[in-house]
Each structure stands twice: as C-alpha cells, then as structure tokens.
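> Input file: upload_2.cif. Contents: mmCIF, C-alpha atoms.
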data_data
#
loop_
_atom_site.label_atom_id
_atom_site.label_comp_id
_atom_site.auth_asym_id
_atom_site.auth_seq_id
_atom_site.Cartn_x
_atom_site.Cartn_y
_atom_site.Cartn_z
CA MET T 26 0.40 -23.94 -19.35
CA SER T 27 2.23 -21.65 -16.95
CA VAL T 28 0.73 -20.24 -13.78
CA VAL T 29 1.78 -16.83 -12.45
CA HIS T 30 1.31 -16.21 -8.72
CA THR T 31 1.21 -12.63 -7.45
CA VAL T 32 -0.16 -13.15 -3.97
CA TYR T 33 0.90 -11.18 -0.91
CA ARG T 34 2.85 -13.23 1.62
CA PRO T 35 3.76 -11.02 4.58
CA PRO T 36 7.49 -11.12 5.18
CA GLY T 37 8.38 -12.04 8.75
CA GLY T 38 10.35 -10.03 11.26
CA TYR T 39 8.55 -6.69 11.03
CA ARG T 40 6.78 -5.15 14.00
CA SER T 41 4.21 -3.32 11.86
CA GLU T 42 1.97 -4.95 9.23
CA ARG T 43 2.04 -1.71 7.27
CA VAL T 44 5.83 -1.80 7.17
CA ALA T 45 5.81 -5.49 6.21
CA PHE T 46 3.53 -4.77 3.24
CA ALA T 47 5.68 -1.84 2.16
CA MET T 48 8.82 -3.97 2.24
CA TRP T 49 7.10 -6.76 0.28
CA SER T 50 6.06 -4.14 -2.30
CA LEU T 51 9.58 -2.81 -2.60
CA ASP T 52 11.03 -6.29 -3.00
CA GLU T 53 8.46 -7.09 -5.71
CA GLN T 54 9.46 -3.93 -7.55
CA SER T 55 13.18 -4.66 -7.23
CA ARG T 56 12.72 -8.25 -8.40
CA LYS T 57 11.24 -6.96 -11.66
CA LEU T 58 13.85 -4.21 -11.98
CA PHE T 59 16.64 -6.76 -11.63
CA ASP T 60 14.98 -9.03 -14.22
CA ASP T 61 14.61 -6.13 -16.68
CA THR T 62 18.23 -5.03 -16.38
CA ARG T 63 20.11 -8.32 -15.80
CA ALA T 64 21.23 -8.72 -19.43
CA LEU T 65 22.49 -5.16 -19.95
CA SER T 66 26.12 -4.57 -20.88
CA PRO T 67 28.29 -1.73 -19.55
CA ALA T 68 27.78 0.00 -22.93
CA ASP T 69 23.99 -0.25 -22.49
CA LEU T 70 24.27 1.12 -18.96
CA GLU T 71 26.21 4.23 -19.98
CA TRP T 72 24.35 4.96 -23.23
CA GLN T 73 22.87 8.46 -23.51
CA PRO T 74 20.14 9.22 -26.05
CA ALA T 75 21.41 12.81 -26.01
CA PRO T 76 23.93 14.81 -23.96
CA GLY T 77 22.41 15.96 -20.70
CA THR T 78 20.18 12.89 -20.44
CA ASN T 79 20.40 10.32 -17.65
CA THR T 80 21.77 6.87 -18.43
CA ILE T 81 20.35 3.58 -17.14
CA GLY T 82 23.39 3.21 -14.89
CA MET T 83 22.87 6.66 -13.40
CA LEU T 84 19.22 5.85 -12.69
CA LEU T 85 20.09 2.53 -11.03
CA ALA T 86 22.67 4.26 -8.84
CA HIS T 87 20.19 7.02 -8.08
CA ILE T 88 17.53 4.56 -6.87
CA ALA T 89 20.04 3.07 -4.41
CA VAL T 90 21.35 6.45 -3.25
CA ALA T 91 17.85 7.85 -2.77
CA GLU T 92 16.70 4.78 -0.84
CA VAL T 93 19.52 5.13 1.66
CA HIS T 94 19.02 8.88 2.02
CA ILE T 95 15.24 8.78 2.44
CA THR T 96 15.43 5.84 4.83
CA SER T 97 18.05 7.61 6.93
CA VAL T 98 16.28 10.93 7.30
CA ALA T 99 12.60 9.94 7.19
CA LEU T 100 12.57 6.48 8.76
CA ALA T 101 15.67 6.40 10.99
CA GLY T 102 15.06 10.07 11.87
CA LEU T 103 18.72 11.05 11.41
CA PRO T 104 19.59 14.69 10.69
CA ASN T 105 21.42 13.57 7.56
CA SER T 106 22.46 10.46 5.65
CA ASP T 107 25.83 8.82 5.06
CA VAL T 108 25.11 7.07 1.78
CA ARG T 109 28.75 6.20 1.12
CA SER T 110 29.10 4.18 4.32
CA VAL T 111 26.15 2.02 3.28
CA ILE T 112 26.62 1.39 -0.47
CA GLY T 113 30.19 2.55 -1.17
CA ILE T 114 29.37 5.59 -3.32
CA GLY T 115 28.07 9.03 -2.43
CA MET T 116 25.43 11.31 -3.89
CA GLU T 117 27.98 13.04 -6.14
CA GLU T 118 28.79 9.86 -8.07
CA GLU T 119 25.26 9.12 -9.30
CA GLY T 120 25.48 12.28 -11.43
CA LEU T 121 21.88 13.49 -10.92
CA PRO T 122 20.75 16.10 -11.70
CA LEU T 123 22.78 16.12 -14.90
CA ALA T 124 23.60 19.52 -16.36
CA GLY T 125 22.31 20.38 -19.84
CA GLY T 126 24.63 18.96 -22.49
CA ALA T 127 26.67 17.00 -19.94
CA PRO T 128 28.08 13.48 -20.42
CA PRO T 129 27.22 10.65 -17.99
CA SER T 130 28.75 10.49 -14.53
CA PRO T 131 32.40 9.37 -15.00
CA ALA T 132 32.30 7.53 -11.66
CA LEU T 133 29.99 4.94 -13.22
CA ALA T 134 31.93 4.35 -16.45
CA GLY T 135 32.50 0.70 -17.35
CA ARG T 136 30.61 -0.70 -14.36
CA PRO T 137 28.86 -4.04 -14.98
CA VAL T 138 25.21 -4.47 -14.10
CA ALA T 139 26.11 -6.72 -11.16
CA TRP T 140 27.83 -3.74 -9.56
CA PHE T 141 24.63 -1.68 -9.78
CA HIS T 142 22.54 -4.56 -8.46
CA GLU T 143 24.90 -4.82 -5.52
CA LEU T 144 24.32 -1.13 -4.74
CA LEU T 145 20.57 -1.74 -4.75
CA ALA T 146 20.88 -4.85 -2.59
CA LYS T 147 22.99 -3.02 0.00
CA ALA T 148 20.48 -0.17 0.12
CA ARG T 149 17.62 -2.65 0.69
CA ILE T 150 19.45 -4.44 3.51
CA HIS T 151 19.96 -1.04 5.14
CA THR T 152 16.26 -0.20 4.78
CA GLN T 153 15.20 -3.55 6.23
CA GLY T 154 17.44 -2.99 9.24
CA VAL T 155 16.03 0.48 9.87
CA VAL T 156 12.31 -0.34 9.55
CA ARG T 157 12.22 -3.78 11.19
CA GLY T 158 11.42 -2.42 14.65
CA LEU T 159 9.20 0.50 13.60
CA GLY T 160 5.57 0.57 14.71
CA ASP T 161 2.64 2.40 13.16
CA ASP T 162 3.12 5.26 15.63
CA ASP T 163 6.68 5.73 14.41
CA LEU T 164 5.41 6.08 10.83
CA ALA T 165 3.13 8.95 11.84
CA ARG T 166 5.84 11.02 13.52
CA GLU T 167 6.26 14.28 11.61
CA ILE T 168 9.82 15.24 10.69
CA PRO T 169 10.68 18.80 9.64
CA ARG T 170 13.51 19.03 7.11
CA PRO T 171 15.24 22.16 5.82
CA ARG T 172 14.72 22.91 2.13
CA PRO T 173 17.50 24.30 -0.09
CA ASP T 174 15.51 27.53 -0.48
CA GLY T 175 15.40 28.08 3.28
CA GLY T 176 11.88 26.78 3.71
CA THR T 177 10.75 23.67 5.55
CA ARG T 178 9.53 20.32 4.34
CA ILE T 179 7.49 18.19 6.70
CA LEU T 180 7.35 14.47 6.05
CA ASP T 181 6.64 11.26 7.92
CA GLY T 182 7.64 7.60 7.71
CA GLY T 183 4.37 6.53 6.10
CA TRP T 184 4.97 8.90 3.22
CA ALA T 185 8.61 7.74 3.00
CA LEU T 186 7.59 4.09 2.54
CA TYR T 187 5.11 5.04 -0.19
CA HIS T 188 7.64 7.35 -1.81
CA LEU T 189 10.33 4.66 -1.94
CA LEU T 190 7.98 2.51 -4.01
CA GLU T 191 6.71 5.21 -6.37
CA HIS T 192 10.26 6.54 -6.81
CA GLU T 193 11.70 3.16 -7.75
CA ALA T 194 8.73 2.34 -10.02
CA GLY T 195 8.99 5.69 -11.84
CA HIS T 196 12.68 5.30 -12.54
CA HIS T 197 12.16 1.62 -13.43
CA PHE T 198 9.99 2.54 -16.40
CA GLN T 199 12.36 5.35 -17.37
CA ILE T 200 15.01 2.64 -17.55
CA ASN T 201 12.70 0.47 -19.66
CA GLN T 202 12.01 3.43 -21.94
CA LEU T 203 15.76 3.96 -22.41
CA ARG T 204 16.23 0.25 -23.17
CA HIS T 205 13.48 0.44 -25.78
CA LEU T 206 14.83 3.65 -27.28
CA ARG T 207 18.33 2.19 -27.57
CA ARG T 208 16.95 -0.83 -29.43
CA VAL T 209 14.87 1.37 -31.77
CA LEU T 210 17.72 3.76 -32.57
CA ALA T 211 20.19 0.92 -33.06
CA GLY T 212 17.83 -0.44 -35.72
CA MET Y 30 8.68 33.97 1.38
CA HIS Y 31 10.12 30.48 1.86
CA ALA Y 32 8.18 27.46 0.68
CA HIS Y 33 6.57 25.16 3.20
CA GLU Y 34 6.10 21.69 1.76
CA ILE Y 35 4.10 18.88 3.29
CA SER Y 36 4.94 15.28 2.31
CA ILE Y 37 2.46 13.34 4.37
CA ILE Y 38 -0.20 10.91 3.17
CA ARG Y 39 -3.47 10.72 5.09
CA PRO Y 40 -5.82 7.78 4.49
CA ALA Y 41 -8.76 8.55 2.21
CA SER Y 42 -11.96 9.37 4.07
CA GLY Y 43 -15.21 7.44 3.78
CA VAL Y 44 -13.46 4.11 3.28
CA ARG Y 45 -14.26 1.17 5.57
CA SER Y 46 -10.82 -0.50 5.53
CA ARG Y 47 -7.88 1.50 6.81
CA GLU Y 48 -5.49 -0.36 4.51
CA ILE Y 49 -7.61 0.36 1.44
CA ALA Y 50 -7.87 3.99 2.55
CA TRP Y 51 -4.06 4.22 2.48
CA ARG Y 52 -3.86 2.73 -1.01
CA LEU Y 53 -6.53 5.09 -2.35
CA ALA Y 54 -4.75 8.08 -0.82
CA GLU Y 55 -1.50 6.99 -2.46
CA LEU Y 56 -3.20 6.58 -5.84
CA ASP Y 57 -4.83 10.00 -5.50
CA ASP Y 58 -1.45 11.52 -4.65
CA GLN Y 59 0.00 9.97 -7.81
CA LEU Y 60 -2.79 11.39 -9.95
CA THR Y 61 -2.50 14.87 -8.44
CA LEU Y 62 1.28 14.96 -8.90
CA LEU Y 63 1.10 13.77 -12.50
CA LEU Y 64 -1.59 16.23 -13.57
CA GLU Y 65 0.33 19.09 -11.93
CA GLU Y 66 3.43 18.14 -13.90
CA LEU Y 67 1.54 18.11 -17.20
CA ASN Y 68 -0.54 21.22 -16.62
CA ALA Y 69 1.12 23.32 -19.31
CA LEU Y 70 1.17 20.75 -22.12
CA SER Y 71 -0.74 21.42 -25.34
CA PRO Y 72 -2.62 18.80 -27.40
CA ALA Y 73 0.30 18.74 -29.84
CA GLU Y 74 2.76 18.09 -27.02
CA LEU Y 75 0.56 15.33 -25.59
CA ALA Y 76 0.62 13.69 -29.05
CA TRP Y 77 4.39 14.13 -29.60
CA GLN Y 78 6.41 11.00 -30.43
CA MET Y 79 10.15 10.65 -29.73
CA THR Y 80 10.39 8.44 -32.82
CA PRO Y 81 7.82 6.39 -34.77
CA GLY Y 82 6.78 3.34 -32.77
CA MET Y 83 7.13 5.08 -29.40
CA ASN Y 84 4.33 5.86 -26.97
CA THR Y 85 3.15 9.45 -26.54
CA ILE Y 86 2.22 11.08 -23.25
CA GLY Y 87 -1.42 11.05 -24.34
CA MET Y 88 -1.33 7.32 -25.10
CA LEU Y 89 0.10 6.63 -21.65
CA LEU Y 90 -2.52 8.79 -19.91
CA ALA Y 91 -5.30 6.91 -21.72
CA HIS Y 92 -3.55 3.64 -20.84
CA LEU Y 93 -3.52 4.51 -17.13
CA ALA Y 94 -7.28 5.10 -17.13
CA ILE Y 95 -8.02 1.97 -19.18
CA VAL Y 96 -5.87 -0.27 -17.01
CA GLU Y 97 -7.42 1.03 -13.81
CA VAL Y 98 -10.93 0.17 -15.02
CA PHE Y 99 -9.73 -3.16 -16.42
CA TRP Y 100 -8.33 -4.26 -13.06
CA VAL Y 101 -11.52 -3.32 -11.27
CA ARG Y 102 -13.64 -5.32 -13.69
CA ALA Y 103 -11.27 -8.27 -14.29
CA GLY Y 104 -9.41 -8.34 -10.98
CA LEU Y 105 -11.71 -7.08 -8.25
CA LEU Y 106 -15.17 -7.91 -9.64
CA ALA Y 107 -14.16 -10.94 -11.76
CA GLU Y 108 -16.55 -9.84 -14.49
CA PRO Y 109 -16.42 -11.77 -17.76
CA GLU Y 110 -16.75 -8.49 -19.69
CA THR Y 111 -13.77 -6.23 -18.92
CA ASP Y 112 -14.00 -3.51 -21.56
CA PRO Y 113 -13.71 0.01 -20.05
CA LEU Y 114 -16.14 1.48 -22.60
CA PRO Y 115 -19.15 1.79 -20.25
CA VAL Y 116 -17.05 3.66 -17.68
CA LEU Y 117 -14.70 5.72 -19.84
CA GLY Y 118 -16.40 6.04 -23.21
CA ILE Y 119 -13.33 4.52 -24.90
CA ASP Y 120 -12.52 0.86 -25.45
CA MET Y 121 -9.60 -1.30 -24.38
CA ASP Y 122 -7.58 -0.58 -27.53
CA ALA Y 123 -8.09 3.20 -27.61
CA ASP Y 124 -4.67 3.88 -26.05
CA GLY Y 125 -2.90 2.28 -29.03
CA ILE Y 126 -0.70 0.23 -26.67
CA PRO Y 127 1.22 -1.84 -27.57
CA ILE Y 128 2.15 0.33 -30.52
CA ALA Y 129 3.49 -1.39 -33.62
CA GLU Y 130 7.05 -0.78 -34.74
CA ASP Y 131 7.32 2.49 -36.69
CA ALA Y 132 3.64 3.26 -36.10
CA ALA Y 133 2.14 6.69 -35.47
CA PRO Y 134 -0.07 7.37 -32.41
CA PRO Y 135 -3.75 6.39 -32.68
CA VAL Y 136 -5.74 8.92 -34.70
CA SER Y 137 -8.54 8.83 -32.11
CA LEU Y 138 -6.27 10.65 -29.63
CA ASN Y 139 -5.31 13.45 -32.05
CA GLY Y 140 -6.11 16.90 -30.71
CA ARG Y 141 -7.17 15.69 -27.25
CA ASP Y 142 -6.29 18.21 -24.55
CA LEU Y 143 -5.29 17.64 -20.96
CA ASP Y 144 -8.83 18.26 -19.73
CA TRP Y 145 -10.01 15.30 -21.81
CA TYR Y 146 -7.37 13.02 -20.28
CA ARG Y 147 -8.06 14.42 -16.79
CA ASP Y 148 -11.70 13.49 -17.23
CA LEU Y 149 -10.76 9.94 -18.25
CA LEU Y 150 -8.45 9.50 -15.28
CA THR Y 151 -10.96 10.98 -12.86
CA ARG Y 152 -13.72 8.70 -14.12
CA ALA Y 153 -11.47 5.67 -13.70
CA ARG Y 154 -10.52 6.71 -10.16
CA THR Y 155 -14.13 7.37 -9.17
CA TYR Y 156 -15.09 3.92 -10.45
CA LEU Y 157 -12.23 2.32 -8.49
CA ALA Y 158 -13.08 4.16 -5.28
CA ALA Y 159 -16.78 3.27 -5.56
CA ASN Y 160 -15.85 -0.39 -5.79
CA LEU Y 161 -13.50 -0.23 -2.80
CA CYS Y 162 -15.10 1.99 -0.17
CA GLU Y 163 -17.28 -0.72 1.46
CA ARG Y 164 -14.70 -3.54 1.37
CA ASP Y 165 -13.09 -4.82 4.55
CA ASP Y 166 -9.59 -6.09 5.28
CA ALA Y 167 -10.56 -9.75 4.84
CA TRP Y 168 -11.60 -8.99 1.26
CA LEU Y 169 -8.00 -7.96 0.51
CA ASP Y 170 -6.88 -11.56 1.14
CA GLN Y 171 -9.36 -13.10 -1.31
CA LEU Y 172 -7.75 -15.07 -4.11
CA ARG Y 173 -8.72 -14.72 -7.74
CA THR Y 174 -7.69 -16.63 -10.85
CA ARG Y 175 -7.91 -15.37 -14.39
CA VAL Y 176 -6.79 -16.72 -17.74
CA ARG Y 177 -4.65 -14.30 -19.66
CA ARG Y 178 -4.82 -13.62 -23.40
CA ASN Y 179 -1.78 -15.87 -23.92
CA GLY Y 180 -3.52 -18.78 -22.19
CA SER Y 181 -1.46 -18.70 -18.99
CA THR Y 182 -3.16 -18.54 -15.61
CA HIS Y 183 -2.70 -15.66 -13.21
CA GLN Y 184 -3.47 -16.18 -9.52
CA PHE Y 185 -3.55 -13.07 -7.37
CA ASP Y 186 -5.25 -11.53 -4.38
CA HIS Y 187 -7.11 -8.22 -4.13
CA ARG Y 188 -4.26 -6.70 -2.15
CA TRP Y 189 -1.91 -7.36 -5.07
CA VAL Y 190 -4.29 -5.56 -7.45
CA LEU Y 191 -4.09 -2.40 -5.34
CA TYR Y 192 -0.31 -2.69 -5.14
CA HIS Y 193 -0.14 -3.20 -8.89
CA LEU Y 194 -2.29 -0.16 -9.64
CA ILE Y 195 0.10 2.02 -7.63
CA GLU Y 196 3.31 0.62 -9.15
CA HIS Y 197 1.77 0.75 -12.63
CA PHE Y 198 0.67 4.37 -12.24
CA ALA Y 199 4.00 5.46 -10.73
CA ALA Y 200 6.01 3.61 -13.37
CA HIS Y 201 4.18 5.20 -16.30
CA SER Y 202 4.37 8.59 -14.57
CA GLY Y 203 8.15 8.25 -14.57
CA GLN Y 204 8.06 7.28 -18.24
CA ILE Y 205 5.85 10.29 -19.03
CA LEU Y 206 8.32 12.66 -17.32
CA LEU Y 207 11.15 11.19 -19.40
CA ILE Y 208 9.15 11.78 -22.60
CA ARG Y 209 8.45 15.35 -21.49
CA HIS Y 210 12.21 15.85 -20.93
CA ALA Y 211 12.91 14.59 -24.45
CA LEU Y 212 10.16 16.88 -25.80
CA ARG Y 213 11.78 19.89 -24.12
CA ASN Y 214 15.15 18.92 -25.63
CA ALA Y 215 13.57 18.62 -29.07
CA GLN Y 216 11.85 21.99 -28.70
CA ALA Y 217 15.11 23.63 -27.57
CA ALA Y 218 16.89 22.28 -30.64
CA LEU Y 219 14.42 23.96 -33.00
CA PRO Y 220 15.33 27.36 -34.45
CA ALA Y 221 13.61 30.20 -32.59
CA ALA Y 222 10.28 31.16 -34.12
CA ASP Y 223 10.31 34.24 -36.30
CA PRO Y 224 8.70 36.92 -34.14
CA ARG Y 225 7.37 38.88 -37.16
#
Translate this file's structure into structure tokens.

Amino acid sequence: MSVVHTVYRPPGGYRSERVAFAMWSLDEQSRKLFDDTRALSPADLEWQPAPGTNTIGMLLAHIAVAEVHITSVALAGLPNSDVRSVIGIGMEEEGLPLAGGAPPSPALAGRPVAWFHELLAKARIHTQGVVRGLGDDDLAREIPRPRPDGGTRILDGGWALYHLLEHEAGHHFQINQLRHLRRVLAG
Amino acid sequence: MHAHEISIIRPASGVRSREIAWRLAELDDQLTLLLEELNALSPAELAWQMTPGMNTIGMLLAHLAIVEVFWVRAGLLAEPETDPLPVLGIDMDADGIPIAEDAAPPVSLNGRDLDWYRDLLTRARTYLAANLCERDDAWLDQLRTRVRRNGSTHQFDHRWVLYHLIEHFAAHSGQILLIRHALRNAQAALPAADPR
C-alpha cells in the first residue's frame, strides 16, 4: 500500500527560517499546480465558460506575472517591476482583468502547457534569487506603495510571502474548477 | 478622501510559538477577507449551483469549517474519532462534498444564511486556536501517521497541517470567488424584474 509523505524539509540556502518555510510552501503549491495542469491541451487552456471569463491559460500566466511583480516591489523593494525581463511577457499579455464579454488574451492563443509552466518556473527562480539573502528584519520593513486612486498602500515582505501562497492557491482551485466545468459541459 | 490600505500581517497574540502565531494570523486574515467578500450574498445565492453536480458557495463554506476541525482531531490530536459534530453541530458529510454527478446541493444547507456559515467557521477557528496556543516550536516537527479511507498511509508533521489549512482555505476561497463571478453573470443574463 502506498505511503504519502508531506513532511517539511527546510530548503537550504536561505538566511531566514521564515523565508525558507515560505519558499517550501510555494514549491509545494506549484508542484501540485503543475501536476493538475500537465495534461491540458492548448484548447483546454484557452477555453472560456462564457465571454468575459478568465481561461486556465490566463490564470497560469497571471500567477507568474503577479509573483514577479509582488516579489520585485515588496521583497526586492524596487519602485516598480520589469516582469517582461524575467519571464518574457508583460502584464498586458496575461489579459487580467478581462472586460465583460471579452474573448481570452490573444497573446496566449495556442500556447502549450509547457510554455505556461516555463513562465511559472522562471518567476520562481527570480523569487528565490531575491529572497535568499533576506533576514527577518527585512521582512518587517514597511513599504508604502501608491494606489491607483491616489491613496497609499503599506505592505511588508512578510505579508508578501504569505500573499504569494494564498494568491497561487486561490487561482489554483479556480483552475481546477474550470477543468471540472469543462468536463461537465462537454458531457 | 483617498484610501489608505494596510497589507501587513502581525502574529496572533496569546500564542506561545511565534511560528504558530504567524500561521494563525494568516488563517484569520483569510477568514476575514472571505467573509467580507460574501457579505451581501443571500441564502439563495449561497445555495446557487452553476450546473447540477457542482459545489455551491454554501457547501464550500461548510467544507472549510469541517476540514479545519477534522485536521485538528485527526492530524494534531491523533484522535480515533474525527467527526466535527461535537464542535460544529454538523457531521463530516454535511457539506455534501464530494457531490455526485448531476446531484443537487444537500437539503440540510437549504436556506442557511451567511451568519450561519460565519458561526460554523468561527467555531472551527476557535477550536483550532485553542489547540494551538500552548504548543511550542518543537511540537511543529512532530511526525504523525494516519491511515486514509483508501487504505494508504499518510505521514506528515504538525507544521504541514498548518500549511495545509492555509492552502486549503485560500484555494477554496478562490473557487468561491469564481462561483460568485458566474452567479453575477447568470443574474445579469436574466430579464430585469418587472418593477410593478
């Protein structure tokens, strides 16, 4: 009978134990996301249950884009991110937020799942490089960010690490819901 | 007046282990965010199904509470009896998950409002916190083994259970928001109600 191990093994090379745990958590999440999406075809990835609804491909691209952006501004402390230089596409190409009644992002049309996994892998390598040398004090440094409405958002690195996990997990199950819905509607 | 938003997590107070205090704060943040998002939903909207055989928002909210109690009893306390009934007042199967193909939502959840689900989730969280607040960091490393329903063996540590509760909650929160989006689309497609 099979044995499933889900035991924390701290990954090496991180200055902070808190960062090491966060990176282990993210890698656990991505391992399952890759497993759940590995068999999807380009048609599955660009299927929309209704116009104006995100596709699985858009959500995968969005997870990668968001990881690079959040890591850049909240963990590297940069004034802005350059997502394209890290994963090869920019924020515009993911297509989120999608306008009501709109088709999927044309920049993602026909892409195989391996292409999306590569985006995610590049984003993770970038994150690892940024957080490797961070200490607990760095995670507590408050960073003010301008909001689109002219207000201010204050965040810190500890929140960013938590948010990366909850963000990926939330979209992961949206992806699973879309997979299930496609199967149900296809009969 | 411009908005001023704070995105900072502070460890939960009254908790012996700093690491556990972080995890509890993250779980509480998840619960607060989710309940804020669902604040305006009616009992009928909580029971809405995209198609037969699909989970409703209400089923997923009940599932989150049930799973949280289950992992305390089965994962952290290693109790032989894992039913959430004594804590929540509903049993393990009350969420109707997994739902059978083409099935309707469980009748027992019909008409339940958000306050009822909020109470379930709060009870589950209180139970979790009560079983964590005196634990130390060494306890997080303790290994457990349990035999699953399918006969396979699952080996895990307490730290993994806390990680799993966060990813599980966040994942179903994302799913719930997708269902709410589909609900809004379905409502927008209906002809406007006759105002007379």
> Applied to the shown file, which residues does the PyMOL selection byres ((chain Y) within 9 of (chain T)) return, written as a PyMOL selection string?
chain Y and resi 30-39+48+55+59+79-80+82-83+130+170+172+180-190+192+195-208+210-211+214
> Take atom CA of T:Pro67 and atom CA of T:Ala139 and report the distance between them in Å, one decimal.
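These atoms are spaced 10.0 Å apart.
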> Would you be able to write out as number ranges by chain which residues have an atom within 12 Å of (15.2, -4.4, 13.4) in the file's coordinates, counting all atoms listed in the file?
T: 37-41, 44-45, 101, 150-160
> In Å, rounded to a single decimal, give me how far atom CA of T:Phe141 is from atom CA of T:Leu85.
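About the pair atom CA of T:Leu85 and atom CA of T:Phe141: they are 6.3 Å apart.
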> Find the residue from T:Leu164, T:Pro36, T:Ala134, T:Phe59 that sits nearest to T:Gly102; use all atoms listed in the file when measuring.
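Selected residue with least distance to T:Gly102: T:Leu164.
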> Ranking T:Arg207, T:Leu145, T:Glu119, T:Leu103 by minimum distance to T:His87 and counting only C-alpha atoms, which one comes first?
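Ranking T:Arg207, T:Leu145, T:Glu119, T:Leu103 by distance to T:His87, first place goes to T:Glu119.
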> Compile the contact shell of T:Ser130 as a ChimeraX atom specification: residues with an atom at most 9 Å away, counting only C-alpha atoms, same-chain residues fewer than 4 positions apart removed.
/T:71,79-80,83,117-121,123,134
> I'd like to see the residues matched by the PyMOL selection byres ((chain Y and resi 74) around 9) on this file, and ideally I'd get them as a ChimeraX atom specification.
/Y:70-73,75-78,85-87,209,212
> Please write as number ranges by chain the full residue list that the PyMOL selection byres ((chain T and resi 147) around 12) yields on this file.
T: 86, 88-90, 92-93, 108-114, 140-146, 148-154
> Selected residues, C-alpha atoms, written as a PDB file, in the coordinates of the input, please.

ATOM      1  CA  ALA T  86      22.670   4.260  -8.840  1.00  0.00           C
ATOM      2  CA  ILE T  88      17.530   4.560  -6.870  1.00  0.00           C
ATOM      3  CA  ALA T  89      20.040   3.070  -4.410  1.00  0.00           C
ATOM      4  CA  VAL T  90      21.350   6.450  -3.250  1.00  0.00           C
ATOM      5  CA  GLU T  92      16.700   4.780  -0.840  1.00  0.00           C
ATOM      6  CA  VAL T  93      19.520   5.130   1.660  1.00  0.00           C
ATOM      7  CA  VAL T 108      25.110   7.070   1.780  1.00  0.00           C
ATOM      8  CA  ARG T 109      28.750   6.200   1.120  1.00  0.00           C
ATOM      9  CA  SER T 110      29.100   4.180   4.320  1.00  0.00           C
ATOM     10  CA  VAL T 111      26.150   2.020   3.280  1.00  0.00           C
ATOM     11  CA  ILE T 112      26.620   1.390  -0.470  1.00  0.00           C
ATOM     12  CA  GLY T 113      30.190   2.550  -1.170  1.00  0.00           C
ATOM     13  CA  ILE T 114      29.370   5.590  -3.320  1.00  0.00           C
ATOM     14  CA  TRP T 140      27.830  -3.740  -9.560  1.00  0.00           C
ATOM     15  CA  PHE T 141      24.630  -1.680  -9.780  1.00  0.00           C
ATOM     16  CA  HIS T 142      22.540  -4.560  -8.460  1.00  0.00           C
ATOM     17  CA  GLU T 143      24.900  -4.820  -5.520  1.00  0.00           C
ATOM     18  CA  LEU T 144      24.320  -1.130  -4.740  1.00  0.00           C
ATOM     19  CA  LEU T 145      20.570  -1.740  -4.750  1.00  0.00           C
ATOM     20  CA  ALA T 146      20.880  -4.850  -2.590  1.00  0.00           C
ATOM     21  CA  ALA T 148      20.480  -0.170   0.120  1.00  0.00           C
ATOM     22  CA  ARG T 149      17.620  -2.650   0.690  1.00  0.00           C
ATOM     23  CA  ILE T 150      19.450  -4.440   3.510  1.00  0.00           C
ATOM     24  CA  HIS T 151      19.960  -1.040   5.140  1.00  0.00           C
ATOM     25  CA  THR T 152      16.260  -0.200   4.780  1.00  0.00           C
ATOM     26  CA  GLN T 153      15.200  -3.550   6.230  1.00  0.00           C
ATOM     27  CA  GLY T 154      17.440  -2.990   9.240  1.00  0.00           C
TER      28      GLY T 154
END
